[in-house]
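As stored in final02.json (JSON, C-alpha atoms and all ligand atoms):
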[["chain", "number", "residue", "atom", "x", "y", "z"],
["A", 29, "MET", "CA", 114.96, 113.44, 105.47],
["A", 30, "LEU", "CA", 113.10, 116.07, 107.52],
["A", 31, "ASN", "CA", 109.35, 115.46, 107.72],
["A", 32, "PRO", "CA", 107.56, 118.25, 109.63],
["A", 33, "LEU", "CA", 104.51, 115.99, 110.01],
["A", 34, "ASP", "CA", 106.49, 113.17, 111.63],
["A", 35, "MET", "CA", 104.62, 111.65, 114.59],
["A", 36, "THR", "CA", 107.19, 109.08, 115.69],
["A", 37, "GLY", "CA", 107.10, 108.41, 119.44],
["A", 38, "ARG", "CA", 103.68, 110.02, 119.93],
["A", 39, "THR", "CA", 100.42, 108.49, 121.03],
["A", 40, "VAL", "CA", 97.15, 109.94, 119.73],
["A", 41, "LEU", "CA", 93.63, 109.02, 120.83],
["A", 42, "VAL", "CA", 91.09, 109.17, 117.98],
["A", 43, "THR", "CA", 87.32, 108.86, 118.49],
["A", 44, "GLY", "CA", 85.20, 107.82, 115.53],
["A", 45, "ALA", "CA", 88.00, 105.45, 114.54],
["A", 46, "SER", "CA", 85.68, 102.74, 113.21],
["A", 47, "SER", "CA", 84.50, 104.57, 110.11],
["A", 48, "GLY", "CA", 84.93, 107.30, 107.53],
["A", 49, "LEU", "CA", 87.06, 110.30, 108.40],
["A", 50, "GLY", "CA", 88.19, 109.08, 111.84],
["A", 51, "ARG", "CA", 89.34, 105.79, 110.32],
["A", 52, "GLU", "CA", 91.41, 107.60, 107.68],
["A", 53, "VAL", "CA", 92.98, 109.83, 110.35],
["A", 54, "CYS", "CA", 94.11, 106.67, 112.18],
["A", 55, "VAL", "CA", 95.59, 105.16, 109.03],
["A", 56, "LEU", "CA", 97.53, 108.32, 108.16],
["A", 57, "LEU", "CA", 98.77, 108.88, 111.73],
["A", 58, "SER", "CA", 100.10, 105.33, 111.80],
["A", 59, "GLU", "CA", 101.88, 105.95, 108.47],
["A", 60, "LEU", "CA", 103.46, 109.05, 110.08],
["A", 61, "GLY", "CA", 104.79, 106.92, 112.93],
["A", 62, "ALA", "CA", 102.22, 107.55, 115.70],
["A", 63, "LYS", "CA", 100.75, 104.94, 118.00],
["A", 64, "VAL", "CA", 96.98, 105.26, 117.82],
["A", 65, "VAL", "CA", 94.28, 104.57, 120.42],
["A", 66, "LEU", "CA", 91.22, 103.67, 118.33],
["A", 67, "VAL", "CA", 87.90, 104.61, 119.93],
["A", 68, "ALA", "CA", 84.29, 103.90, 118.84],
["A", 69, "ARG", "CA", 81.47, 101.60, 120.01],
["A", 70, "SER", "CA", 81.93, 98.70, 117.58],
["A", 71, "PRO", "CA", 84.93, 96.46, 118.41],
["A", 72, "GLU", "CA", 84.53, 94.62, 115.11],
["A", 73, "ARG", "CA", 84.75, 97.78, 113.03],
["A", 74, "LEU", "CA", 87.65, 99.05, 115.15],
["A", 75, "ALA", "CA", 89.46, 95.80, 114.39],
["A", 76, "GLU", "CA", 88.91, 96.49, 110.67],
["A", 77, "THR", "CA", 90.61, 99.88, 111.11],
["A", 78, "ALA", "CA", 93.42, 98.32, 113.15],
["A", 79, "ALA", "CA", 94.08, 95.86, 110.31],
["A", 80, "ARG", "CA", 94.80, 98.80, 107.98],
["A", 81, "LEU", "CA", 97.35, 100.51, 110.25],
["A", 82, "SER", "CA", 101.10, 100.64, 109.74],
["A", 83, "GLY", "CA", 103.51, 99.98, 112.59],
["A", 84, "THR", "CA", 102.80, 98.43, 115.97],
["A", 85, "GLY", "CA", 101.65, 99.40, 119.46],
["A", 86, "HIS", "CA", 98.14, 100.55, 118.51],
["A", 87, "ARG", "CA", 95.25, 99.92, 120.85],
["A", 88, "ILE", "CA", 91.52, 99.29, 120.45],
["A", 89, "GLU", "CA", 89.22, 100.91, 123.02],
["A", 90, "ALA", "CA", 85.53, 100.10, 122.46],
["A", 91, "PHE", "CA", 83.78, 102.91, 124.32],
["A", 92, "ASP", "CA", 80.58, 104.94, 123.99],
["A", 93, "VAL", "CA", 81.58, 108.61, 124.20],
["A", 94, "SER", "CA", 78.03, 109.57, 125.17],
["A", 95, "GLN", "CA", 79.05, 108.46, 128.68],
["A", 96, "VAL", "CA", 80.69, 111.84, 129.14],
["A", 97, "ASP", "CA", 81.05, 111.65, 132.92],
["A", 98, "ALA", "CA", 83.13, 108.48, 132.62],
["A", 99, "ILE", "CA", 85.56, 109.92, 130.04],
["A", 100, "PRO", "CA", 88.23, 111.50, 132.33],
["A", 101, "GLU", "CA", 88.74, 108.35, 134.47],
["A", 102, "TRP", "CA", 88.70, 106.16, 131.37],
["A", 103, "MET", "CA", 91.42, 108.34, 129.79],
["A", 104, "LYS", "CA", 93.51, 108.05, 132.95],
["A", 105, "SER", "CA", 93.35, 104.28, 132.73],
["A", 106, "ILE", "CA", 94.38, 104.37, 129.04],
["A", 107, "ALA", "CA", 97.34, 106.70, 129.65],
["A", 108, "ALA", "CA", 98.49, 104.49, 132.52],
["A", 109, "GLN", "CA", 99.09, 101.82, 129.88],
["A", 110, "THR", "CA", 100.09, 103.81, 126.80],
["A", 111, "GLY", "CA", 101.99, 106.66, 128.44],
["A", 112, "PRO", "CA", 100.98, 110.33, 128.05],
["A", 113, "LEU", "CA", 98.92, 111.37, 125.04],
["A", 114, "SER", "CA", 100.36, 113.84, 122.51],
["A", 115, "GLY", "CA", 97.05, 114.33, 120.80],
["A", 116, "VAL", "CA", 93.30, 113.79, 120.94],
["A", 117, "VAL", "CA", 91.04, 113.86, 117.88],
["A", 118, "HIS", "CA", 87.27, 113.93, 118.38],
["A", 119, "ALA", "CA", 85.89, 112.66, 115.07],
["A", 120, "ALA", "CA", 83.01, 110.63, 116.56],
["A", 121, "GLY", "CA", 79.77, 112.31, 115.70],
["A", 122, "ILE", "CA", 76.16, 111.80, 114.75],
["A", 123, "HIS", "CA", 74.08, 113.61, 112.17],
["A", 124, "PHE", "CA", 70.40, 113.76, 111.36],
["A", 125, "THR", "CA", 68.34, 115.82, 108.98],
["A", 126, "VAL", "CA", 65.12, 116.89, 110.62],
["A", 127, "PRO", "CA", 63.05, 120.08, 110.32],
["A", 128, "LEU", "CA", 62.48, 122.13, 113.47],
["A", 129, "ARG", "CA", 58.79, 121.16, 113.74],
["A", 130, "VAL", "CA", 59.70, 117.50, 114.41],
["A", 131, "LEU", "CA", 62.98, 118.02, 116.27],
["A", 132, "GLN", "CA", 62.65, 116.12, 119.57],
["A", 133, "PRO", "CA", 64.42, 117.32, 122.74],
["A", 134, "ALA", "CA", 65.78, 113.80, 123.39],
["A", 135, "LYS", "CA", 67.41, 113.68, 119.94],
["A", 136, "LEU", "CA", 68.85, 117.13, 120.52],
["A", 137, "ASP", "CA", 70.36, 115.95, 123.82],
["A", 138, "ASP", "CA", 72.01, 112.94, 122.12],
["A", 139, "LEU", "CA", 73.43, 115.12, 119.40],
["A", 140, "MET", "CA", 74.87, 117.69, 121.79],
["A", 141, "ARG", "CA", 76.24, 115.05, 124.16],
["A", 142, "ILE", "CA", 78.12, 113.08, 121.48],
["A", 143, "ASN", "CA", 79.20, 115.91, 119.17],
["A", 144, "PHE", "CA", 79.93, 118.58, 121.78],
["A", 145, "GLY", "CA", 79.76, 117.25, 125.38],
["A", 146, "ALA", "CA", 82.23, 114.46, 124.61],
["A", 147, "ALA", "CA", 84.66, 117.04, 123.19],
["A", 148, "VAL", "CA", 84.56, 118.95, 126.47],
["A", 149, "ALA", "CA", 85.05, 115.77, 128.52],
["A", 150, "LEU", "CA", 87.92, 114.52, 126.31],
["A", 151, "THR", "CA", 89.74, 117.82, 126.75],
["A", 152, "LYS", "CA", 89.09, 117.80, 130.49],
["A", 153, "GLY", "CA", 90.38, 114.23, 130.60],
["A", 154, "LEU", "CA", 93.51, 115.16, 128.68],
["A", 155, "ARG", "CA", 94.44, 117.92, 131.16],
["A", 156, "GLN", "CA", 94.90, 115.44, 133.98],
["A", 157, "LYS", "CA", 98.35, 114.74, 135.38],
["A", 158, "GLY", "CA", 99.93, 111.78, 133.66],
["A", 159, "VAL", "CA", 97.47, 111.86, 130.76],
["A", 160, "ARG", "CA", 98.93, 114.65, 128.64],
["A", 161, "ALA", "CA", 102.41, 114.89, 127.19],
["A", 162, "GLU", "CA", 104.37, 118.12, 127.67],
["A", 163, "ARG", "CA", 103.03, 119.46, 124.37],
["A", 164, "THR", "CA", 99.62, 118.30, 123.23],
["A", 165, "SER", "CA", 97.24, 119.08, 120.39],
["A", 166, "VAL", "CA", 93.46, 118.61, 120.39],
["A", 167, "VAL", "CA", 91.45, 118.56, 117.15],
["A", 168, "TYR", "CA", 87.64, 118.63, 117.07],
["A", 169, "PHE", "CA", 85.63, 117.69, 114.00],
["A", 170, "SER", "CA", 83.38, 120.64, 113.24],
["A", 171, "SER", "CA", 81.76, 121.06, 109.80],
["A", 172, "VAL", "CA", 81.11, 123.66, 107.13],
["A", 173, "MET", "CA", 77.60, 123.59, 108.62],
["A", 174, "ALA", "CA", 79.06, 125.58, 111.53],
["A", 175, "VAL", "CA", 79.62, 128.56, 109.24],
["A", 176, "VAL", "CA", 76.84, 128.34, 106.62],
["A", 177, "GLY", "CA", 73.18, 127.31, 106.85],
["A", 178, "ARG", "CA", 71.17, 124.48, 105.30],
["A", 179, "GLN", "CA", 67.54, 123.58, 105.91],
["A", 180, "GLY", "CA", 66.90, 120.63, 108.20],
["A", 181, "VAL", "CA", 70.32, 120.52, 109.87],
["A", 182, "SER", "CA", 69.92, 123.28, 112.46],
["A", 183, "ALA", "CA", 70.66, 121.09, 115.50],
["A", 184, "TYR", "CA", 73.65, 119.37, 113.89],
["A", 185, "ALA", "CA", 74.97, 122.72, 112.67],
["A", 186, "ALA", "CA", 74.65, 124.22, 116.15],
["A", 187, "SER", "CA", 76.54, 121.28, 117.70],
["A", 188, "LYS", "CA", 79.36, 121.87, 115.21],
["A", 189, "GLY", "CA", 79.31, 125.64, 115.77],
["A", 190, "ALA", "CA", 79.65, 125.00, 119.50],
["A", 191, "LEU", "CA", 82.96, 123.23, 118.82],
["A", 192, "VAL", "CA", 84.34, 126.29, 117.02],
["A", 193, "SER", "CA", 83.54, 128.47, 120.04],
["A", 194, "LEU", "CA", 84.82, 125.83, 122.46],
["A", 195, "ALA", "CA", 88.17, 125.65, 120.65],
["A", 196, "MET", "CA", 88.73, 129.42, 120.86],
["A", 197, "SER", "CA", 88.11, 129.73, 124.59],
["A", 198, "LEU", "CA", 89.86, 126.50, 125.58],
["A", 199, "ALA", "CA", 92.85, 127.46, 123.43],
["A", 200, "LEU", "CA", 93.27, 130.53, 125.65],
["A", 201, "GLU", "CA", 92.60, 128.63, 128.86],
["A", 202, "LEU", "CA", 95.01, 125.79, 128.12],
["A", 203, "ALA", "CA", 97.85, 127.54, 126.26],
["A", 204, "SER", "CA", 99.93, 127.85, 129.43],
["A", 205, "GLU", "CA", 99.63, 124.07, 129.92],
["A", 206, "GLY", "CA", 101.10, 123.36, 126.48],
["A", 207, "VAL", "CA", 97.73, 122.28, 125.04],
["A", 208, "ARG", "CA", 96.67, 123.59, 121.61],
["A", 209, "VAL", "CA", 93.01, 123.31, 120.59],
["A", 210, "ASN", "CA", 91.79, 123.57, 116.98],
["A", 211, "CYS", "CA", 88.95, 122.40, 114.72],
["A", 212, "VAL", "CA", 88.68, 121.08, 111.21],
["A", 213, "ALA", "CA", 85.51, 121.94, 109.31],
["A", 214, "PRO", "CA", 85.10, 119.57, 106.36],
["A", 215, "GLY", "CA", 82.78, 119.98, 103.42],
["A", 216, "HIS", "CA", 80.93, 116.99, 101.96],
["A", 217, "VAL", "CA", 83.02, 113.79, 101.93],
["A", 218, "ARG", "CA", 81.27, 110.53, 100.97],
["A", 219, "THR", "CA", 81.41, 108.45, 104.16],
["A", 220, "GLU", "CA", 78.68, 106.40, 105.81],
["A", 221, "MET", "CA", 77.33, 109.56, 107.46],
["A", 222, "ALA", "CA", 77.24, 111.52, 104.21],
["A", 223, "GLU", "CA", 75.66, 108.64, 102.29],
["A", 224, "LYS", "CA", 72.93, 108.33, 104.92],
["A", 225, "ALA", "CA", 72.24, 112.06, 104.68],
["A", 226, "GLU", "CA", 72.07, 111.79, 100.87],
["A", 227, "GLU", "CA", 69.33, 109.14, 101.13],
["A", 228, "LEU", "CA", 66.92, 111.93, 102.09],
["A", 229, "LEU", "CA", 67.86, 114.12, 99.13],
["A", 230, "SER", "CA", 66.72, 114.12, 95.51],
["A", 231, "ALA", "CA", 69.23, 113.57, 92.70],
["A", 232, "GLU", "CA", 68.90, 117.28, 91.95],
["A", 233, "GLN", "CA", 69.75, 118.27, 95.53],
["A", 234, "ILE", "CA", 72.78, 115.96, 95.54],
["A", 235, "LYS", "CA", 73.96, 117.46, 92.26],
["A", 236, "SER", "CA", 73.62, 120.95, 93.71],
["A", 237, "ILE", "CA", 75.75, 119.98, 96.75],
["A", 238, "GLU", "CA", 78.38, 118.58, 94.39],
["A", 239, "ASP", "CA", 78.28, 121.78, 92.31],
["A", 240, "MET", "CA", 78.81, 123.88, 95.45],
["A", 241, "HIS", "CA", 82.30, 122.30, 95.78],
["A", 242, "PRO", "CA", 84.39, 123.97, 93.02],
["A", 243, "LEU", "CA", 87.18, 121.41, 93.54],
["A", 244, "GLY", "CA", 84.70, 118.53, 93.63],
["A", 245, "LEU", "CA", 83.82, 116.43, 96.67],
["A", 246, "GLY", "CA", 86.68, 115.58, 99.00],
["A", 247, "GLU", "CA", 88.28, 112.28, 99.94],
["A", 248, "PRO", "CA", 88.80, 111.20, 103.58],
["A", 249, "ARG", "CA", 92.57, 111.65, 103.04],
["A", 250, "ASP", "CA", 92.05, 115.36, 102.27],
["A", 251, "VAL", "CA", 90.67, 115.84, 105.77],
["A", 252, "ALA", "CA", 93.14, 113.47, 107.46],
["A", 253, "ASN", "CA", 96.05, 115.48, 106.00],
["A", 254, "ALA", "CA", 94.77, 118.63, 107.71],
["A", 255, "VAL", "CA", 94.24, 116.83, 111.02],
["A", 256, "SER", "CA", 97.79, 115.46, 110.91],
["A", 257, "PHE", "CA", 99.10, 118.97, 110.31],
["A", 258, "LEU", "CA", 97.20, 120.30, 113.34],
["A", 259, "LEU", "CA", 98.56, 117.47, 115.50],
["A", 260, "SER", "CA", 102.15, 117.91, 114.38],
["A", 261, "ASP", "CA", 104.89, 120.38, 115.34],
["A", 262, "ALA", "CA", 104.38, 122.04, 111.93],
["A", 263, "SER", "CA", 101.38, 123.80, 113.51],
["A", 264, "ARG", "CA", 103.02, 124.54, 116.88],
["A", 265, "TRP", "CA", 102.08, 128.27, 116.64],
["A", 266, "ILE", "CA", 98.45, 127.65, 115.69],
["A", 267, "THR", "CA", 95.71, 127.43, 118.30],
["A", 268, "GLY", "CA", 92.01, 128.31, 118.63],
["A", 269, "GLN", "CA", 91.52, 128.10, 114.85],
["A", 270, "THR", "CA", 89.08, 126.33, 112.58],
["A", 271, "LEU", "CA", 90.59, 125.02, 109.37],
["A", 272, "VAL", "CA", 87.93, 124.75, 106.66],
["A", 273, "ILE", "CA", 88.64, 121.90, 104.23],
["A", 274, "ASP", "CA", 85.86, 122.04, 101.70],
["A", 275, "GLY", "CA", 87.05, 122.29, 98.10],
["A", 276, "GLY", "CA", 85.74, 125.86, 98.06],
["A", 277, "TYR", "CA", 82.20, 125.17, 99.36],
["A", 278, "THR", "CA", 82.09, 128.14, 101.74],
["A", 279, "ILE", "CA", 83.60, 130.77, 99.43],
["A", 280, "HIS", "CA", 80.44, 131.21, 97.36],
["A", 301, "LIG", "N1", 81.41, 113.10, 106.00],
["A", 301, "LIG", "C1", 81.21, 114.39, 105.89],
["A", 301, "LIG", "O1", 80.83, 114.89, 104.81],
["A", 301, "LIG", "C2", 81.43, 115.30, 107.08],
["A", 301, "LIG", "C3", 81.42, 116.68, 106.84],
["A", 301, "LIG", "C4", 81.65, 117.54, 107.91],
["A", 301, "LIG", "C5", 81.88, 117.04, 109.17],
["A", 301, "LIG", "N2", 81.88, 115.69, 109.37],
["A", 301, "LIG", "C6", 82.15, 115.22, 110.74],
["A", 301, "LIG", "O2", 83.24, 114.35, 110.70],
["A", 301, "LIG", "C7", 83.14, 113.37, 111.74],
["A", 301, "LIG", "C8", 83.28, 111.99, 111.12],
["A", 301, "LIG", "O3", 82.22, 111.80, 110.21],
["A", 301, "LIG", "P1", 82.13, 110.56, 109.20],
["A", 301, "LIG", "O4", 81.57, 111.12, 107.94],
["A", 301, "LIG", "O5", 83.41, 109.83, 109.19],
["A", 301, "LIG", "O6", 80.97, 109.72, 109.91],
["A", 301, "LIG", "P2", 80.74, 108.14, 110.07],
["A", 301, "LIG", "O7", 81.33, 107.40, 108.93],
["A", 301, "LIG", "O8", 79.27, 108.01, 110.33],
["A", 301, "LIG", "O9", 81.55, 107.81, 111.40],
["A", 301, "LIG", "C9", 81.09, 108.25, 112.64],
["A", 301, "LIG", "C10", 81.99, 107.65, 113.70],
["A", 301, "LIG", "O10", 81.54, 108.08, 114.99],
["A", 301, "LIG", "C11", 81.48, 106.95, 115.86],
["A", 301, "LIG", "N3", 80.47, 107.18, 116.90],
["A", 301, "LIG", "C12", 79.20, 107.61, 116.74],
["A", 301, "LIG", "N4", 78.58, 107.66, 117.94],
["A", 301, "LIG", "C13", 79.50, 107.27, 118.86],
["A", 301, "LIG", "C14", 79.45, 107.11, 120.26],
["A", 301, "LIG", "N5", 78.34, 107.36, 120.98],
["A", 301, "LIG", "N6", 80.57, 106.69, 120.90],
["A", 301, "LIG", "C15", 81.70, 106.41, 120.20],
["A", 301, "LIG", "N7", 81.80, 106.56, 118.87],
["A", 301, "LIG", "C16", 80.70, 106.97, 118.21],
["A", 301, "LIG", "C17", 81.10, 105.80, 114.92],
["A", 301, "LIG", "O11", 81.49, 104.56, 115.46],
["A", 301, "LIG", "P3", 80.52, 103.44, 116.11],
["A", 301, "LIG", "O12", 79.24, 103.48, 115.37],
["A", 301, "LIG", "O13", 81.32, 102.18, 115.97],
["A", 301, "LIG", "O14", 80.39, 103.87, 117.55],
["A", 301, "LIG", "C18", 81.98, 106.13, 113.72],
["A", 301, "LIG", "O15", 83.29, 105.67, 113.94],
["A", 301, "LIG", "C19", 81.78, 113.61, 112.39],
["A", 301, "LIG", "O16", 81.96, 114.35, 113.57],
["A", 301, "LIG", "C20", 81.03, 114.43, 111.36],
["A", 301, "LIG", "O17", 80.05, 115.25, 111.95],
["A", 301, "LIG", "C21", 81.67, 114.81, 108.35]]
Take the structure from the file and write it as structure tokens.
Amino acid sequence: MLNPLDMTGRTVLVTGASSGLGREVCVLLSELGAKVVLVARSPERLAETAARLSGTGHRIEAFDVSQVDAIPEWMKSIAAQTGPLSGVVHAAGIHFTVPLRVLQPAKLDDLMRINFGAAVALTKGLRQKGVRAERTSVVYFSSVMAVVGRQGVSAYAASKGALVSLAMSLALELASEGVRVNCVAPGHVRTEMAEKAEELLSAEQIKSIEDMHPLGLGEPRDVANAVSFLLSDASRWITGQTLVIDGGYTIH
């Protein structure tokens, strides 16, 4: 039976594969037939993800994506073993809630390097000869915070907004090379990151975030479904876009 999301025969590199949304993307991609290169810092937690995957041929790559300068060579060495990559998903990210008066430049640098700089380096790495398949799709994890405001998350929001802009310009620059570039912008999904952010909020504030999602809070699979669509041939005419997946959060 025809499945427009089928990923059989494709290899996809996923950062943030050890937890939350990135982990669920890996599980779904494996169910759709892809071979997955699992990337994050913790080999133990990557092994936990690997244990949940369907199929064979997946690969664990413990790597710190804050080493942006090393990313292109590292990707070359991966592709030399896996064959060309049909997709790259940058789900690795960090978040902190901090008001402007105590926002430290060093923290800002970390945030921009991991959330945004690594996305640039991964895309640069993918372009290299032998690394990308003939048709390739890149998906960055932005956030609803890229398109609406919330107190205390200005730096995080800006790092996610930068990805939206990056995707538009790179989509134009790389279209002739067969590379599509898109973002997903999730609303609140209870992962480790979201639970940590909630620790700083009152019960009332948490309730108001929940109430802002008319369809309720999302599940990791809701976001993974959209990522799979953007990686698959079903979205072959879509590039430079940001797909908001938020249960209605941003339509207020
Ligand atoms: N959950 C939400 O509500 C939500 C909403 C909107 C957007 N997002 C975005 O979605 C993405 C995934 O979020 P999540 O909720 O799944 O977060 P999470 O559970 O905290 O997972 C974050 C992932 O990033 C990896 N990571 C962090 N720093 C890294 C580094 N320097 N090098 C390599 N990997 C690194 C972590 O692995 P290690 O610690 O093992 O390195 C982990 O796998 C993030 O970009 C986040 O901003 C999440």
(message) List as an MDAnalysis selection string the protein and nucleic acid residues near Ala213 of chain A, meaning an atom at most 6 Å away when all atoms listed in the file are counted, but skip any in the same chain fewer than 4 places from it.
(response) chainID A and resid 170:172 271:273
(message) Taking 5 positions as the minimum chain separation for residues in the same chain, which residues sit within 9 Å of Arg80 of chain A when counting all atoms listed in the file? Answer as an MDAnalysis selection string.
(response) chainID A and resid 54:55 75
Residues of chain A within 7 Å of ligand LIG 301 (chain A): nearest atom pair and distance (Å, one decimal) for each, counting only C-alpha atoms and all ligand atoms, sorted by chain and number, as a Markdown table?
| residue | atom | partner | partner_atom | distance |
| --- | --- | --- | --- | --- |
| A:Thr43 | CA | A:LIG301 | N7 | 6.0 |
| A:Gly44 | CA | A:LIG301 | O15 | 3.3 |
| A:Ala45 | CA | A:LIG301 | O15 | 4.8 |
| A:Ser46 | CA | A:LIG301 | O15 | 3.9 |
| A:Ser47 | CA | A:LIG301 | O15 | 4.2 |
| A:Gly48 | CA | A:LIG301 | O5 | 3.4 |
| A:Leu49 | CA | A:LIG301 | O5 | 3.8 |
| A:Gly50 | CA | A:LIG301 | O5 | 5.5 |
| A:Val67 | CA | A:LIG301 | C15 | 6.5 |
| A:Ala68 | CA | A:LIG301 | N7 | 3.6 |
| A:Arg69 | CA | A:LIG301 | O14 | 3.5 |
| A:Ser70 | CA | A:LIG301 | O13 | 3.9 |
| A:Arg73 | CA | A:LIG301 | O13 | 6.3 |
| A:Phe91 | CA | A:LIG301 | C15 | 5.8 |
| A:Asp92 | CA | A:LIG301 | N6 | 3.6 |
| A:Val93 | CA | A:LIG301 | N6 | 3.9 |
| A:Ser94 | CA | A:LIG301 | N5 | 4.7 |
| A:Ala119 | CA | A:LIG301 | C7 | 4.4 |
| A:Ala120 | CA | A:LIG301 | O10 | 3.3 |
| A:Gly121 | CA | A:LIG301 | O16 | 3.7 |
| A:Ile122 | CA | A:LIG301 | C12 | 5.5 |
| A:His123 | CA | A:LIG301 | O17 | 6.2 |
| A:Ile142 | CA | A:LIG301 | N5 | 5.7 |
| A:Asn143 | CA | A:LIG301 | O16 | 6.4 |
| A:Phe169 | CA | A:LIG301 | O16 | 5.0 |
| A:Ser170 | CA | A:LIG301 | C5 | 5.6 |
| A:Ser171 | CA | A:LIG301 | C4 | 4.0 |
| A:Val172 | CA | A:LIG301 | C4 | 6.2 |
| A:Ala213 | CA | A:LIG301 | C4 | 6.0 |
| A:Pro214 | CA | A:LIG301 | C4 | 4.3 |
| A:Gly215 | CA | A:LIG301 | C3 | 4.9 |
| A:His216 | CA | A:LIG301 | O1 | 3.5 |
| A:Val217 | CA | A:LIG301 | O1 | 3.8 |
| A:Arg218 | CA | A:LIG301 | N1 | 5.7 |
| A:Thr219 | CA | A:LIG301 | O4 | 4.6 |
| A:Glu220 | CA | A:LIG301 | O7 | 4.2 |
| A:Met221 | CA | A:LIG301 | O8 | 3.8 |
| A:Ala222 | CA | A:LIG301 | N1 | 4.8 |
Go ahead and write the selection's residues with C-alpha atoms as a compact mmCIF listing (two decimals), keeping the file's coordinate frame.
# COMPACT_ATOMS: atom_id res chain seq x y z
CA THR A 43 87.32 108.86 118.49
CA GLY A 44 85.20 107.82 115.53
CA ALA A 45 88.00 105.45 114.54
CA SER A 46 85.68 102.74 113.21
CA SER A 47 84.50 104.57 110.11
CA GLY A 48 84.93 107.30 107.53
CA LEU A 49 87.06 110.30 108.40
CA GLY A 50 88.19 109.08 111.84
CA VAL A 67 87.90 104.61 119.93
CA ALA A 68 84.29 103.90 118.84
CA ARG A 69 81.47 101.60 120.01
CA SER A 70 81.93 98.70 117.58
CA ARG A 73 84.75 97.78 113.03
CA PHE A 91 83.78 102.91 124.32
CA ASP A 92 80.58 104.94 123.99
CA VAL A 93 81.58 108.61 124.20
CA SER A 94 78.03 109.57 125.17
CA ALA A 119 85.89 112.66 115.07
CA ALA A 120 83.01 110.63 116.56
CA GLY A 121 79.77 112.31 115.70
CA ILE A 122 76.16 111.80 114.75
CA HIS A 123 74.08 113.61 112.17
CA ILE A 142 78.12 113.08 121.48
CA ASN A 143 79.20 115.91 119.17
CA PHE A 169 85.63 117.69 114.00
CA SER A 170 83.38 120.64 113.24
CA SER A 171 81.76 121.06 109.80
CA VAL A 172 81.11 123.66 107.13
CA ALA A 213 85.51 121.94 109.31
CA PRO A 214 85.10 119.57 106.36
CA GLY A 215 82.78 119.98 103.42
CA HIS A 216 80.93 116.99 101.96
CA VAL A 217 83.02 113.79 101.93
CA ARG A 218 81.27 110.53 100.97
CA THR A 219 81.41 108.45 104.16
CA GLU A 220 78.68 106.40 105.81
CA MET A 221 77.33 109.56 107.46
CA ALA A 222 77.24 111.52 104.21
(message) List as number ranges by chain the protein and nucleic acid residues near Val65 of chain A, meaning an atom at most 6 Å away when only C-alpha atoms are counted, but skip any in the same chain fewer than 2 places from it.
(response) A: 41, 86-88
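The smallest atom-to-atom distance between Val209 of chain A and any of A:Val192, A:Val251, A:Leu56, A:Met173, using all atoms listed in the file, is found for A:Val192.
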(message) I'd like the contact shell of segment 227-231 of chain A - 12 Å cut-off, all atoms listed in the file, skipping same-chain residues fewer than 6 positions apart - returned as a PyMOL selection string.
(response) chain A and resi 124-126+179-180+220-221+237-238
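Nearest to Ala185 of chain A of all the residues A:Val96, A:Leu202, A:Leu136, A:Val167 is A:Leu136, counting all atoms listed in the file.
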(request) Write out as a PyMOL selection string each polymer residue whose atoms come within 10 Å of Gly85 of chain A, counting all atoms listed in the file; drop sequence neighbours fewer than 3 positions from it. (result) chain A and resi 39+58+62-65+82+110
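The two atoms in question, atom CA of Ala252 of chain A and atom CA of Arg51 of chain A, are spaced 9.0 Å apart.
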(message) Report, in Å with one decimal, the straight-line distance from atom CA of Glu226 of chain A to atom CA of Gly275 of chain A.
(response) 18.5 Å
